[in-house]
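Working notes, structure below.
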Amino acid sequence: MNVVTRFAPSPTGHLHIGGARTAIFCWLMARHYKGQFHLRIEDTDLLRSRQEYTDSILASMKWLGLDWDGELTYQTQRMDLYRQYVNRLLESGQAYWCSCTTEEVDAMRQKAKELGLKPRYNGHCRDLHLGPGEGRCVRLKCPQEGKIVFDDMVKGRIAVDVSELDDMVLQRADGTPTYNMAVVVDDHEMGITHVIRGDDHVSNTPRQILIYRALGFQEPVFGHVPMILGSDGAKLSKRHGARAVIEYEKDGLLPHALVNYLVRLGWSHGDQEIFSLDELVELFDGTHLNPSAARFDVNKLQWLNAHYMRALPVAELARLVRPFATEAGYGELSDERLQGLCTLFRERAKTLVELAAAFAPMLVSAADLAYDEKAVTKNIRPETKERLQALSSVLKDCEPFEAEHLNTVFNDFVKDNNLTFKDIAPALRTALVGFMGGSHLHDIMAFLGREETLARIERTLSL
RNA sequence: GUCCCCAUCGUCUAGUCGGCCCAGGACACCGGCCUUUCACGCCGUCAACGGCGGUUCAAAUCCGCCUGGGGACGCCA
């Protein structure tokens, strides 16, 4: 099957997760069928469009790993094309000039509303055969009866009576095309076979189909993916926390975790939850898309993220946390040390930010280590101090000072002194990291090194 | 107001065109095991077919109505 899809964001904001998901679906669809995936910037809203948003969207696409084919298309650069097609409709009598003002049209709508009817343009200029002129727009001469029916990839068959539609504006009084006109011309010109987009466009689809027909274009297959709701079921907004993919990047999520999560939100393959990119490309054929809206669940996203963080090679994980470690102010860290820290804490963090935060106690000097008061009062007592003191002298001569050996030495120490782990481990942990957390004791000591380990125990003895 | 769409555990979902579903998986929650903390891992518990009718020997699966949610009705995209 020949498949050409496109993602067409308008640069009025960063790429948000809803848009990201439809972009992923489009990309997957194209890759699965070995077709093409295009990117088109719908920047006809001159007031709200900004170059920085285009840049941000492109950056997010790249971060997610969504590459596109061919050159970027900017709608503002194709104004002549749209006008050409509008003229064609004018010439064939399928469109007409309209001199009604916005106020007049508003009044018509208001009146219809009061009568309990659908607010529509009443076709005032439809048969006036007006020519071009100041303040005049171009409207499509829509059929007056019949139904528009299309088979949506995700929603199934959708039918709308044309009486629901009115003679929509194709070209504004300033000569620029309206959204519906530009989209149809572009999708046709770009050879798009599958238009996959947000749910909020289903009501535009019958209108666009009318334009396709008037122009004699072949209609593409439409697929409307439902929107993503906040965890409370309401439309995603600022108060739901991160919504732009750039924010998830800052929160320390792995791009593939986000991709996996987003794809699974609204699409399924039996009971499978974890998918590699290759698997997604192989399995995503545009079927099994869920028609209902889904709520965004941070817990599951983080679970996936933690899963992928554990699965990553340490060197790769270290490379990814580095910017976060720098951001946390740890200064220069060698690759080796960073990797050591990653192996120490990778199973305990859900995000790169959390991972980097876990490094903190390991990177200060004994004198600067902060203690959790509760841990100290509970674990650092006269009798435990004595034990720490004894352990300290054993550690002084422990050779080599490496994890595995330290583990043996510690076990022997416990046995030789007729202790249980509870008699000494909590105290040692408090001494080493300042609170009841962290990683395995022998791993911590090995990372800290002999000198620092002894210094930390020493400092605890004077608490 | 009018039109369109949606409806399975708290959440994401499985449920290939009715029977194998007194509904399966995953996240979260709770409990247990493991254990020198916290995790990871493993095991287990709790938990859903919105309501009412209809079709059928048989319905989560088909039909209708109701209810609830969402979207659209711009010379925005």
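Within each chain, counting starts at residue 1; across the structure tokens, chains are named A, B, ... in the order shown, with ligands numbered 1 upward in that order.
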_Backbone DSSP call of strand (DSSP E or B) for segment 81-287 of chain A, listed as number ranges by chain_ = A: 95-98, 137-140, 147-152, 156-161, 169-171, 177, 194-198, 221-225, 228-229, 235, 244, 267
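Excluding segment 196-198 of chain A itself and same-chain residues fewer than 3 positions from it, the residues having an atom within 8 Å of it are A:Thr5, A:Arg6, A:Phe7, A:Gly18, A:Gly19, A:Thr22, A:Phe25, A:Cys26, A:His201, A:Val202, A:Phe222, A:Gly223, A:His224, A:Val225, A:Pro226, A:Met227, counting only C-alpha atoms (C1' of nucleotides).
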Writer output for current selection, all heavy atoms, as a CSV table (one decimal), in the first residue's frame:
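The result, stored in out_6.csv:
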chain,number,residue,atom,x,y,z
A,5,THR,N,2.0,10.2,4.7
A,5,THR,CA,1.4,10.9,5.8
A,5,THR,C,2.1,12.3,6.1
A,5,THR,O,3.1,12.5,5.5
A,5,THR,CB,1.4,10.1,7.1
A,5,THR,OG1,2.8,9.9,7.5
A,5,THR,CG2,0.7,8.8,7.0
A,6,ARG,N,1.5,13.1,6.9
A,6,ARG,CA,2.1,14.3,7.2
A,6,ARG,C,1.7,14.8,8.6
A,6,ARG,O,0.7,14.3,9.2
A,6,ARG,CB,1.7,15.4,6.2
A,6,ARG,CG,0.2,15.5,5.9
A,6,ARG,CD,-0.7,15.9,7.1
A,6,ARG,NE,-2.0,16.5,6.7
A,6,ARG,CZ,-2.8,17.0,7.5
A,6,ARG,NH1,-2.5,17.0,8.8
A,6,ARG,NH2,-4.0,17.5,7.1
A,7,PHE,N,2.5,15.6,9.2
A,7,PHE,CA,2.2,16.2,10.5
A,7,PHE,C,2.2,17.7,10.2
A,7,PHE,O,3.2,18.2,9.6
A,7,PHE,CB,3.2,15.8,11.6
A,7,PHE,CG,2.9,16.5,12.9
A,7,PHE,CD1,1.7,16.3,13.5
A,7,PHE,CD2,3.9,17.2,13.5
A,7,PHE,CE1,1.4,16.9,14.8
A,7,PHE,CE2,3.6,17.8,14.8
A,7,PHE,CZ,2.4,17.7,15.4
A,18,GLY,N,-0.3,15.9,22.9
A,18,GLY,CA,-1.3,15.4,22.0
A,18,GLY,C,-0.8,15.5,20.6
A,18,GLY,O,-1.0,14.5,19.8
A,19,GLY,N,-0.2,16.6,20.2
A,19,GLY,CA,0.4,16.7,18.9
A,19,GLY,C,1.5,15.7,18.7
A,19,GLY,O,1.6,15.1,17.6
A,22,THR,N,0.0,12.3,17.8
A,22,THR,CA,-0.5,12.2,16.4
A,22,THR,C,0.7,12.2,15.4
A,22,THR,O,0.7,11.4,14.4
A,22,THR,CB,-1.5,13.3,15.9
A,22,THR,OG1,-0.8,14.5,16.0
A,22,THR,CG2,-2.7,13.3,16.8
A,25,PHE,N,2.0,8.7,15.5
A,25,PHE,CA,1.2,7.8,14.7
A,25,PHE,C,1.4,7.9,13.2
A,25,PHE,O,1.5,7.0,12.5
A,25,PHE,CB,-0.3,8.1,15.0
A,25,PHE,CG,-0.8,7.5,16.4
A,25,PHE,CD1,-1.9,8.0,17.0
A,25,PHE,CD2,-0.1,6.5,17.0
A,25,PHE,CE1,-2.4,7.5,18.2
A,25,PHE,CE2,-0.5,6.0,18.2
A,25,PHE,CZ,-1.7,6.5,18.8
A,26,CYS,N,1.5,9.2,12.8
A,26,CYS,CA,1.7,9.5,11.4
A,26,CYS,C,3.1,8.9,10.9
A,26,CYS,O,3.2,8.3,9.9
A,26,CYS,CB,1.7,11.0,11.1
A,26,CYS,SG,0.1,11.7,11.3
A,201,HIS,N,-10.8,17.8,14.6
A,201,HIS,CA,-10.9,18.1,13.2
A,201,HIS,C,-12.0,17.3,12.5
A,201,HIS,O,-12.3,17.5,11.4
A,201,HIS,CB,-9.6,17.9,12.5
A,201,HIS,CG,-8.6,19.0,12.7
A,201,HIS,ND1,-8.8,20.3,12.3
A,201,HIS,CD2,-7.4,18.9,13.3
A,201,HIS,CE1,-7.7,21.0,12.7
A,201,HIS,NE2,-6.9,20.2,13.3
A,202,VAL,N,-12.7,16.4,13.3
A,202,VAL,CA,-13.7,15.6,12.6
A,202,VAL,C,-14.8,16.5,11.9
A,202,VAL,O,-15.2,16.2,10.8
A,202,VAL,CB,-14.4,14.5,13.4
A,202,VAL,CG1,-13.4,13.7,14.1
A,202,VAL,CG2,-15.4,15.1,14.4
A,222,PHE,N,-9.1,9.4,6.1
A,222,PHE,CA,-9.0,10.2,7.3
A,222,PHE,C,-8.9,9.3,8.5
A,222,PHE,O,-9.5,8.3,8.6
A,222,PHE,CB,-10.2,11.1,7.4
A,222,PHE,CG,-10.2,12.2,6.3
A,222,PHE,CD1,-11.0,12.0,5.2
A,222,PHE,CD2,-9.5,13.4,6.4
A,222,PHE,CE1,-11.0,13.0,4.2
A,222,PHE,CE2,-9.5,14.3,5.4
A,222,PHE,CZ,-10.3,14.1,4.3
A,223,GLY,N,-8.1,9.8,9.5
A,223,GLY,CA,-8.1,9.1,10.7
A,223,GLY,C,-8.0,10.1,11.8
A,223,GLY,O,-7.1,11.0,11.9
A,224,HIS,N,-9.0,10.1,12.7
A,224,HIS,CA,-9.0,11.1,13.8
A,224,HIS,C,-8.8,10.5,15.1
A,224,HIS,O,-9.6,9.8,15.7
A,224,HIS,CB,-10.4,11.9,13.8
A,224,HIS,CG,-10.5,12.8,12.6
A,224,HIS,ND1,-11.1,12.4,11.4
A,224,HIS,CD2,-10.0,14.0,12.3
A,224,HIS,CE1,-11.0,13.3,10.5
A,224,HIS,NE2,-10.4,14.3,11.0
A,225,VAL,N,-7.6,10.8,15.7
A,225,VAL,CA,-7.2,10.3,17.0
A,225,VAL,C,-7.8,11.1,18.1
A,225,VAL,O,-7.7,12.4,18.0
A,225,VAL,CB,-5.7,10.1,17.1
A,225,VAL,CG1,-5.2,9.3,15.9
A,225,VAL,CG2,-5.0,11.4,17.2
A,226,PRO,N,-8.3,10.5,19.1
A,226,PRO,CA,-8.9,11.2,20.2
A,226,PRO,C,-7.9,12.1,21.0
A,226,PRO,O,-6.7,11.8,20.9
A,226,PRO,CB,-9.5,10.1,21.1
A,226,PRO,CG,-8.9,8.9,20.7
A,226,PRO,CD,-8.4,9.1,19.3
A,227,MET,N,-8.4,13.0,21.7
A,227,MET,CA,-7.5,13.8,22.5
A,227,MET,C,-7.1,13.2,23.8
A,227,MET,O,-7.6,12.2,24.3
A,227,MET,CB,-8.2,15.2,22.8
A,227,MET,CG,-9.5,15.1,23.4
A,227,MET,SD,-10.3,16.7,23.5
A,227,MET,CE,-9.0,17.7,24.2
*Residues at most 12 Å from A26 of chain B, counting only C-alpha atoms (C1' of nucleotides), excluding those fewer than 6 positions away in the same chain, as a list of chain:residue names?*
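Near neighbours after the sequence-gap exclusion: A:Tyr261, A:Arg264, A:Ser268, A:Gly270, A:Asp271, A:Gln272, A:Glu273, A:Ile274, A:Asn299, A:Lys300, A:Leu301, A:Trp303, A:Leu304, B:C9, B:U11, B:C12, B:U13, B:A14.
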Do you have, as JSON lines, the list of residues of chain A lying at most 6 Å from chain B, each with its nearest atom pair and that distance in Å to one decimal, counting only C-alpha atoms (C1' of nucleotides) and ordered by chain then number?
{"residue": "A:Gly116", "atom": "CA", "partner": "B:G1", "partner_atom": "C1'", "distance": 5.5}
{"residue": "A:Lys118", "atom": "CA", "partner": "B:U2", "partner_atom": "C1'", "distance": 5.0}
{"residue": "A:Arg172", "atom": "CA", "partner": "B:C75", "partner_atom": "C1'", "distance": 4.5}
{"residue": "A:Asp200", "atom": "CA", "partner": "B:G71", "partner_atom": "C1'", "distance": 5.7}
{"residue": "A:Ser203", "atom": "CA", "partner": "B:A72", "partner_atom": "C1'", "distance": 5.5}
{"residue": "A:Gly270", "atom": "CA", "partner": "B:A14", "partner_atom": "C1'", "distance": 5.6}
{"residue": "A:Asp271", "atom": "CA", "partner": "B:G25", "partner_atom": "C1'", "distance": 5.2}
{"residue": "A:Ser292", "atom": "CA", "partner": "B:C6", "partner_atom": "C1'", "distance": 5.2}
{"residue": "A:Lys300", "atom": "CA", "partner": "B:C27", "partner_atom": "C1'", "distance": 4.8}
{"residue": "A:Glu347", "atom": "CA", "partner": "B:C40", "partner_atom": "C1'", "distance": 5.9}
{"residue": "A:Arg348", "atom": "CA", "partner": "B:A39", "partner_atom": "C1'", "distance": 4.9}
{"residue": "A:Phe421", "atom": "CA", "partner": "B:U36", "partner_atom": "C1'", "distance": 5.4}
{"residue": "A:Ala425", "atom": "CA", "partner": "B:U36", "partner_atom": "C1'", "distance": 5.1}
{"residue": "A:Met436", "atom": "CA", "partner": "B:U37", "partner_atom": "C1'", "distance": 5.1}
{"residue": "A:Gly437", "atom": "CA", "partner": "B:C38", "partner_atom": "C1'", "distance": 4.7}
Residues from the last selection, all heavy atoms, saved as a JSON list (two decimals), in the first residue's frame:
[["chain", "number", "residue", "atom", "x", "y", "z"],
["A", 116, "GLY", "N", -33.56, 28.77, 16.97],
["A", 116, "GLY", "CA", -33.27, 27.39, 17.32],
["A", 116, "GLY", "C", -32.61, 26.62, 16.20],
["A", 116, "GLY", "O", -32.54, 25.41, 16.21],
["A", 118, "LYS", "N", -29.28, 26.02, 13.36],
["A", 118, "LYS", "CA", -27.82, 26.02, 13.33],
["A", 118, "LYS", "C", -27.35, 27.39, 12.86],
["A", 118, "LYS", "O", -27.83, 27.89, 11.84],
["A", 118, "LYS", "CB", -27.36, 24.96, 12.33],
["A", 118, "LYS", "CG", -25.89, 24.71, 12.33],
["A", 118, "LYS", "CD", -25.59, 23.40, 12.98],
["A", 118, "LYS", "CE", -24.10, 23.14, 12.99],
["A", 118, "LYS", "NZ", -23.79, 21.97, 13.80],
["A", 172, "ARG", "N", -9.99, 34.86, 2.32],
["A", 172, "ARG", "CA", -10.40, 36.03, 3.09],
["A", 172, "ARG", "C", -10.32, 37.28, 2.24],
["A", 172, "ARG", "O", -9.74, 37.29, 1.16],
["A", 172, "ARG", "CB", -9.47, 36.20, 4.29],
["A", 172, "ARG", "CG", -9.45, 35.01, 5.21],
["A", 172, "ARG", "CD", -8.56, 35.27, 6.42],
["A", 172, "ARG", "NE", -8.42, 34.06, 7.18],
["A", 172, "ARG", "CZ", -7.32, 33.28, 7.16],
["A", 172, "ARG", "NH1", -6.28, 33.63, 6.43],
["A", 172, "ARG", "NH2", -7.27, 32.18, 7.86],
["A", 200, "ASP", "N", -10.42, 16.94, 17.15],
["A", 200, "ASP", "CA", -11.10, 18.22, 17.01],
["A", 200, "ASP", "C", -11.32, 18.61, 15.54],
["A", 200, "ASP", "O", -11.99, 19.58, 15.27],
["A", 200, "ASP", "CB", -10.33, 19.31, 17.75],
["A", 200, "ASP", "CG", -8.84, 19.28, 17.46],
["A", 200, "ASP", "OD1", -8.34, 18.22, 17.04],
["A", 200, "ASP", "OD2", -8.19, 20.31, 17.64],
["A", 203, "SER", "N", -15.15, 17.59, 12.61],
["A", 203, "SER", "CA", -16.21, 18.42, 12.04],
["A", 203, "SER", "C", -15.72, 19.24, 10.85],
["A", 203, "SER", "O", -16.51, 19.78, 10.10],
["A", 203, "SER", "CB", -16.81, 19.31, 13.11],
["A", 203, "SER", "OG", -15.81, 20.11, 13.67],
["A", 270, "GLY", "N", -2.62, -6.38, 21.79],
["A", 270, "GLY", "CA", -2.87, -7.38, 22.83],
["A", 270, "GLY", "C", -2.48, -6.84, 24.20],
["A", 270, "GLY", "O", -2.81, -5.71, 24.54],
["A", 271, "ASP", "N", -1.76, -7.64, 24.95],
["A", 271, "ASP", "CA", -1.38, -7.25, 26.30],
["A", 271, "ASP", "C", 0.01, -6.62, 26.38],
["A", 271, "ASP", "O", 0.48, -6.29, 27.47],
["A", 271, "ASP", "CB", -1.39, -8.49, 27.22],
["A", 271, "ASP", "CG", -2.81, -8.95, 27.52],
["A", 271, "ASP", "OD1", -3.74, -8.12, 27.42],
["A", 271, "ASP", "OD2", -2.99, -10.12, 27.85],
["A", 292, "SER", "N", -11.84, 6.34, 21.84],
["A", 292, "SER", "CA", -12.22, 7.20, 22.94],
["A", 292, "SER", "C", -11.03, 7.94, 23.56],
["A", 292, "SER", "O", -9.90, 7.49, 23.49],
["A", 292, "SER", "CB", -12.95, 6.38, 24.01],
["A", 292, "SER", "OG", -12.14, 5.32, 24.43],
["A", 300, "LYS", "N", 2.34, 5.73, 35.06],
["A", 300, "LYS", "CA", 2.72, 4.72, 34.09],
["A", 300, "LYS", "C", 3.88, 5.19, 33.21],
["A", 300, "LYS", "O", 4.76, 4.41, 32.87],
["A", 300, "LYS", "CB", 1.51, 4.35, 33.22],
["A", 300, "LYS", "CG", 1.74, 3.08, 32.42],
["A", 300, "LYS", "CD", 0.45, 2.37, 32.12],
["A", 300, "LYS", "CE", 0.73, 1.05, 31.41],
["A", 300, "LYS", "NZ", -0.50, 0.31, 31.12],
["A", 347, "GLU", "N", 18.67, 1.88, 39.81],
["A", 347, "GLU", "CA", 17.45, 1.14, 40.13],
["A", 347, "GLU", "C", 16.55, 1.87, 41.10],
["A", 347, "GLU", "O", 15.49, 1.39, 41.45],
["A", 347, "GLU", "CB", 17.82, -0.23, 40.72],
["A", 347, "GLU", "CG", 18.40, -1.13, 39.66],
["A", 347, "GLU", "CD", 18.52, -2.56, 40.13],
["A", 347, "GLU", "OE1", 18.36, -2.79, 41.35],
["A", 347, "GLU", "OE2", 18.76, -3.42, 39.27],
["A", 348, "ARG", "N", 17.03, 3.00, 41.56],
["A", 348, "ARG", "CA", 16.26, 3.73, 42.56],
["A", 348, "ARG", "C", 15.67, 5.02, 42.03],
["A", 348, "ARG", "O", 15.08, 5.78, 42.78],
["A", 348, "ARG", "CB", 17.17, 4.04, 43.74],
["A", 348, "ARG", "CG", 17.29, 2.89, 44.69],
["A", 348, "ARG", "CD", 18.62, 2.93, 45.41],
["A", 348, "ARG", "NE", 19.54, 1.98, 44.80],
["A", 348, "ARG", "CZ", 19.82, 0.79, 45.31],
["A", 348, "ARG", "NH1", 19.33, 0.44, 46.46],
["A", 348, "ARG", "NH2", 20.62, -0.03, 44.68],
["A", 421, "PHE", "N", 23.15, -7.87, 61.63],
["A", 421, "PHE", "CA", 23.32, -6.71, 60.75],
["A", 421, "PHE", "C", 22.63, -5.48, 61.33],
["A", 421, "PHE", "O", 23.10, -4.37, 61.18],
["A", 421, "PHE", "CB", 22.76, -7.02, 59.36],
["A", 421, "PHE", "CG", 23.64, -7.98, 58.60],
["A", 421, "PHE", "CD1", 23.21, -9.26, 58.29],
["A", 421, "PHE", "CD2", 24.92, -7.59, 58.21],
["A", 421, "PHE", "CE1", 24.04, -10.13, 57.60],
["A", 421, "PHE", "CE2", 25.75, -8.47, 57.52],
["A", 421, "PHE", "CZ", 25.30, -9.74, 57.22],
["A", 425, "ALA", "N", 24.57, -2.14, 60.71],
["A", 425, "ALA", "CA", 24.29, -1.60, 59.38],
["A", 425, "ALA", "C", 23.60, -0.23, 59.37],
["A", 425, "ALA", "O", 24.05, 0.67, 58.65],
["A", 425, "ALA", "CB", 23.47, -2.60, 58.57],
["A", 436, "MET", "N", 18.67, 7.08, 55.88],
["A", 436, "MET", "CA", 18.39, 5.68, 55.63],
["A", 436, "MET", "C", 17.96, 5.44, 54.18],
["A", 436, "MET", "O", 16.80, 5.15, 53.89],
["A", 436, "MET", "CB", 17.31, 5.17, 56.60],
["A", 436, "MET", "CG", 17.78, 5.18, 58.04],
["A", 436, "MET", "SD", 19.34, 4.31, 58.27],
["A", 436, "MET", "CE", 18.74, 2.62, 58.21],
["A", 437, "GLY", "N", 18.93, 5.56, 53.31],
["A", 437, "GLY", "CA", 18.63, 5.32, 51.90],
["A", 437, "GLY", "C", 19.92, 5.04, 51.19],
["A", 437, "GLY", "O", 20.92, 4.69, 51.83]]
Give me the residues near segment 318-320 of chain A as a compact mmCIF listing (two decimals) with all heavy atoms, in the first residue's frame, where near means some atom within 7 Å (using only C-alpha atoms (C1' of nucleotides)) and where sequence neighbours in that chain fewer than 5 positions away do not count.
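Contents of selection.txt, freshly written:
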# COMPACT_ATOMS: atom_id res chain seq x y z
N LEU A 338 31.00 9.06 36.89
CA LEU A 338 29.60 9.22 36.56
C LEU A 338 28.94 7.84 36.35
O LEU A 338 27.83 7.58 36.81
CB LEU A 338 29.47 10.07 35.29
CG LEU A 338 28.12 10.76 35.08
CD1 LEU A 338 27.71 11.54 36.32
CD2 LEU A 338 28.19 11.69 33.88
N GLN A 339 29.66 6.96 35.71
CA GLN A 339 29.13 5.62 35.48
C GLN A 339 28.99 4.87 36.79
O GLN A 339 28.05 4.12 37.01
CB GLN A 339 30.03 4.85 34.51
CG GLN A 339 29.89 5.37 33.09
CD GLN A 339 30.75 4.58 32.11
OE1 GLN A 339 31.05 3.41 32.32
NE2 GLN A 339 31.14 5.24 31.03
N CYS A 342 25.95 6.01 38.43
CA CYS A 342 24.76 5.47 37.75
C CYS A 342 24.46 4.04 38.19
O CYS A 342 23.32 3.70 38.47
CB CYS A 342 24.94 5.53 36.24
SG CYS A 342 24.77 7.19 35.57
*Which residues, written as a ChimeraX atom specification, have at least one atom at most 10 Å from segment 42-57 of chain B, with only C-alpha atoms (C1' of nucleotides) counted and residues fewer than 2 positions away on the same chain left out?*
/B:7-10,18,23,29-34,59-68
With N, CA, C and O atoms (P, O5', C5', C4', C3', O3' and C1' of nucleotides) retained, could you export that selection as a compact mmCIF listing (two decimals), in the first residue's frame?
# COMPACT_ATOMS: atom_id res chain seq x y z
P A B 7 -16.64 3.82 22.83
O5' A B 7 -16.97 4.14 24.37
C5' A B 7 -15.87 4.45 25.28
C4' A B 7 -16.44 4.48 26.68
C3' A B 7 -17.10 3.14 27.04
O3' A B 7 -16.50 2.37 28.06
C1' A B 7 -18.68 4.97 27.14
P U B 8 -15.27 2.67 28.94
O5' U B 8 -15.25 1.31 29.79
C5' U B 8 -16.48 0.80 30.30
C4' U B 8 -16.19 -0.54 30.92
C3' U B 8 -14.99 -0.56 31.85
O3' U B 8 -15.35 -0.12 33.13
C1' U B 8 -14.88 -2.40 30.37
P C B 9 -14.46 0.99 33.83
O5' C B 9 -13.64 0.07 34.85
C5' C B 9 -12.84 0.70 35.85
C4' C B 9 -12.52 -0.34 36.89
C3' C B 9 -11.43 0.08 37.89
O3' C B 9 -12.00 0.34 39.17
C1' C B 9 -11.17 -2.17 37.15
P G B 10 -13.01 1.59 39.39
O5' G B 10 -11.93 2.75 39.50
C5' G B 10 -12.35 4.09 39.78
C4' G B 10 -11.13 4.97 39.71
C3' G B 10 -10.41 4.88 38.37
O3' G B 10 -10.93 5.82 37.47
C1' G B 10 -8.86 4.54 40.14
P G B 18 -20.59 -12.64 15.87
O5' G B 18 -20.84 -12.69 17.45
C5' G B 18 -20.08 -11.90 18.38
C4' G B 18 -20.31 -12.51 19.74
C3' G B 18 -20.20 -14.04 19.65
O3' G B 18 -18.92 -14.51 20.06
C1' G B 18 -22.38 -13.32 20.49
P A B 23 -15.20 -12.63 36.59
O5' A B 23 -14.39 -12.21 35.29
C5' A B 23 -13.85 -13.21 34.40
C4' A B 23 -13.36 -12.53 33.17
C3' A B 23 -12.43 -11.35 33.46
O3' A B 23 -11.10 -11.79 33.51
C1' A B 23 -14.17 -10.64 32.06
P C B 29 1.97 3.01 44.45
O5' C B 29 0.64 2.55 45.21
C5' C B 29 -0.32 3.53 45.61
C4' C B 29 -1.53 2.84 46.19
C3' C B 29 -1.22 1.78 47.24
O3' C B 29 -0.98 2.37 48.51
C1' C B 29 -2.80 0.92 45.71
P C B 30 0.19 1.74 49.45
O5' C B 30 -0.50 0.42 50.02
C5' C B 30 -1.69 0.51 50.80
C4' C B 30 -2.28 -0.86 50.98
C3' C B 30 -1.29 -1.92 51.46
O3' C B 30 -1.09 -1.87 52.86
C1' C B 30 -2.54 -2.78 49.64
P G B 31 0.35 -2.35 53.45
O5' G B 31 0.33 -3.92 53.24
C5' G B 31 -0.54 -4.73 54.03
C4' G B 31 -0.45 -6.17 53.60
C3' G B 31 0.94 -6.78 53.59
O3' G B 31 1.38 -7.18 54.87
C1' G B 31 -0.19 -7.39 51.61
P G B 32 2.97 -7.24 55.16
O5' G B 32 3.45 -8.53 54.35
C5' G B 32 3.00 -9.83 54.74
C4' G B 32 3.46 -10.85 53.73
C3' G B 32 4.95 -10.98 53.51
O3' G B 32 5.57 -11.75 54.53
C1' G B 32 3.86 -11.01 51.43
P C B 33 7.14 -11.56 54.85
O5' C B 33 7.81 -12.26 53.57
C5' C B 33 7.62 -13.65 53.33
C4' C B 33 8.32 -14.03 52.05
C3' C B 33 9.78 -13.64 51.99
O3' C B 33 10.61 -14.61 52.64
C1' C B 33 8.72 -13.03 49.96
P C B 34 11.94 -14.10 53.42
O5' C B 34 12.83 -13.53 52.22
C5' C B 34 13.34 -14.42 51.21
C4' C B 34 14.09 -13.62 50.18
C3' C B 34 15.14 -12.69 50.75
O3' C B 34 16.37 -13.37 50.94
C1' C B 34 13.80 -11.51 49.17
P A B 59 -27.56 -13.50 27.11
O5' A B 59 -26.27 -13.08 26.27
C5' A B 59 -24.95 -13.15 26.81
C4' A B 59 -24.25 -11.85 26.54
C3' A B 59 -24.97 -10.68 27.19
O3' A B 59 -24.47 -10.33 28.47
C1' A B 59 -24.66 -10.29 24.84
P A B 60 -22.88 -10.27 28.93
O5' A B 60 -22.22 -8.91 28.42
C5' A B 60 -22.22 -7.74 29.21
C4' A B 60 -21.38 -6.68 28.54
C3' A B 60 -21.53 -6.63 27.02
O3' A B 60 -22.58 -5.75 26.68
C1' A B 60 -19.23 -6.74 27.58
P U B 61 -23.17 -5.73 25.20
O5' U B 61 -21.91 -5.27 24.35
C5' U B 61 -21.94 -5.17 22.94
C4' U B 61 -20.79 -5.94 22.33
C3' U B 61 -21.14 -6.62 21.01
O3' U B 61 -20.53 -5.88 19.95
C1' U B 61 -19.89 -8.04 22.46
P C B 62 -21.25 -4.48 19.49
O5' C B 62 -22.58 -5.03 18.80
C5' C B 62 -22.55 -5.49 17.45
C4' C B 62 -23.97 -5.71 16.99
C3' C B 62 -24.91 -4.57 17.36
O3' C B 62 -24.84 -3.52 16.41
C1' C B 62 -25.90 -6.62 17.97
P C B 63 -25.13 -2.02 16.86
O5' C B 63 -26.71 -2.03 16.99
C5' C B 63 -27.54 -2.22 15.84
C4' C B 63 -28.97 -2.07 16.23
C3' C B 63 -29.28 -0.84 17.06
O3' C B 63 -29.50 0.29 16.25
C1' C B 63 -30.26 -2.75 18.08
P G B 64 -29.21 1.75 16.88
O5' G B 64 -30.48 1.93 17.82
C5' G B 64 -31.79 2.05 17.25
C4' G B 64 -32.79 2.21 18.35
C3' G B 64 -32.48 3.32 19.35
O3' G B 64 -32.92 4.58 18.86
C1' G B 64 -33.07 1.36 20.52
P C B 65 -32.20 5.90 19.40
O5' C B 65 -32.79 6.05 20.87
C5' C B 65 -34.17 6.32 21.06
C4' C B 65 -34.51 6.20 22.52
C3' C B 65 -33.68 7.08 23.46
O3' C B 65 -34.22 8.38 23.56
C1' C B 65 -33.75 4.87 24.32
P C B 66 -33.23 9.60 23.94
O5' C B 66 -32.89 9.28 25.47
C5' C B 66 -33.93 9.31 26.45
C4' C B 66 -33.37 8.89 27.79
C3' C B 66 -32.17 9.68 28.27
O3' C B 66 -32.56 10.89 28.92
C1' C B 66 -31.74 7.38 28.56
P U B 67 -31.53 12.13 28.98
O5' U B 67 -30.36 11.57 29.92
C5' U B 67 -30.63 11.30 31.30
C4' U B 67 -29.40 10.72 31.94
C3' U B 67 -28.13 11.51 31.73
O3' U B 67 -28.01 12.58 32.65
C1' U B 67 -27.69 9.24 31.29
P G B 68 -27.21 13.90 32.25
O5' G B 68 -25.71 13.38 32.25
C5' G B 68 -25.14 12.87 33.46
C4' G B 68 -23.80 12.26 33.15
C3' G B 68 -22.87 13.12 32.33
O3' G B 68 -22.19 14.08 33.12
C1' G B 68 -22.87 10.94 31.46
*What is the distance, in Å and to one decimal place, between atom CA of Trp267 of chain A and atom CA of Ala294 of chain A?*
10.4 Å
*asked:* Need the shell around Ile457 of chain A: protein/DNA/RNA residues with any atom at most 10 Å away, counting only C-alpha atoms (C1' of nucleotides). Skip same-chain ones fewer than 5 positions apart. Format as a ChimeraX atom specification?
replied: /A:366,385,388-389,391-392,427-432,452,462
*Neighbours of Thr287 of chain A within 10 Å (only C-alpha atoms (C1' of nucleotides); same-chain residues fewer than 2 positions away dropped), as a PyMOL selection string?*
chain A and resi 29+153-154+267-269+283-285+289-290
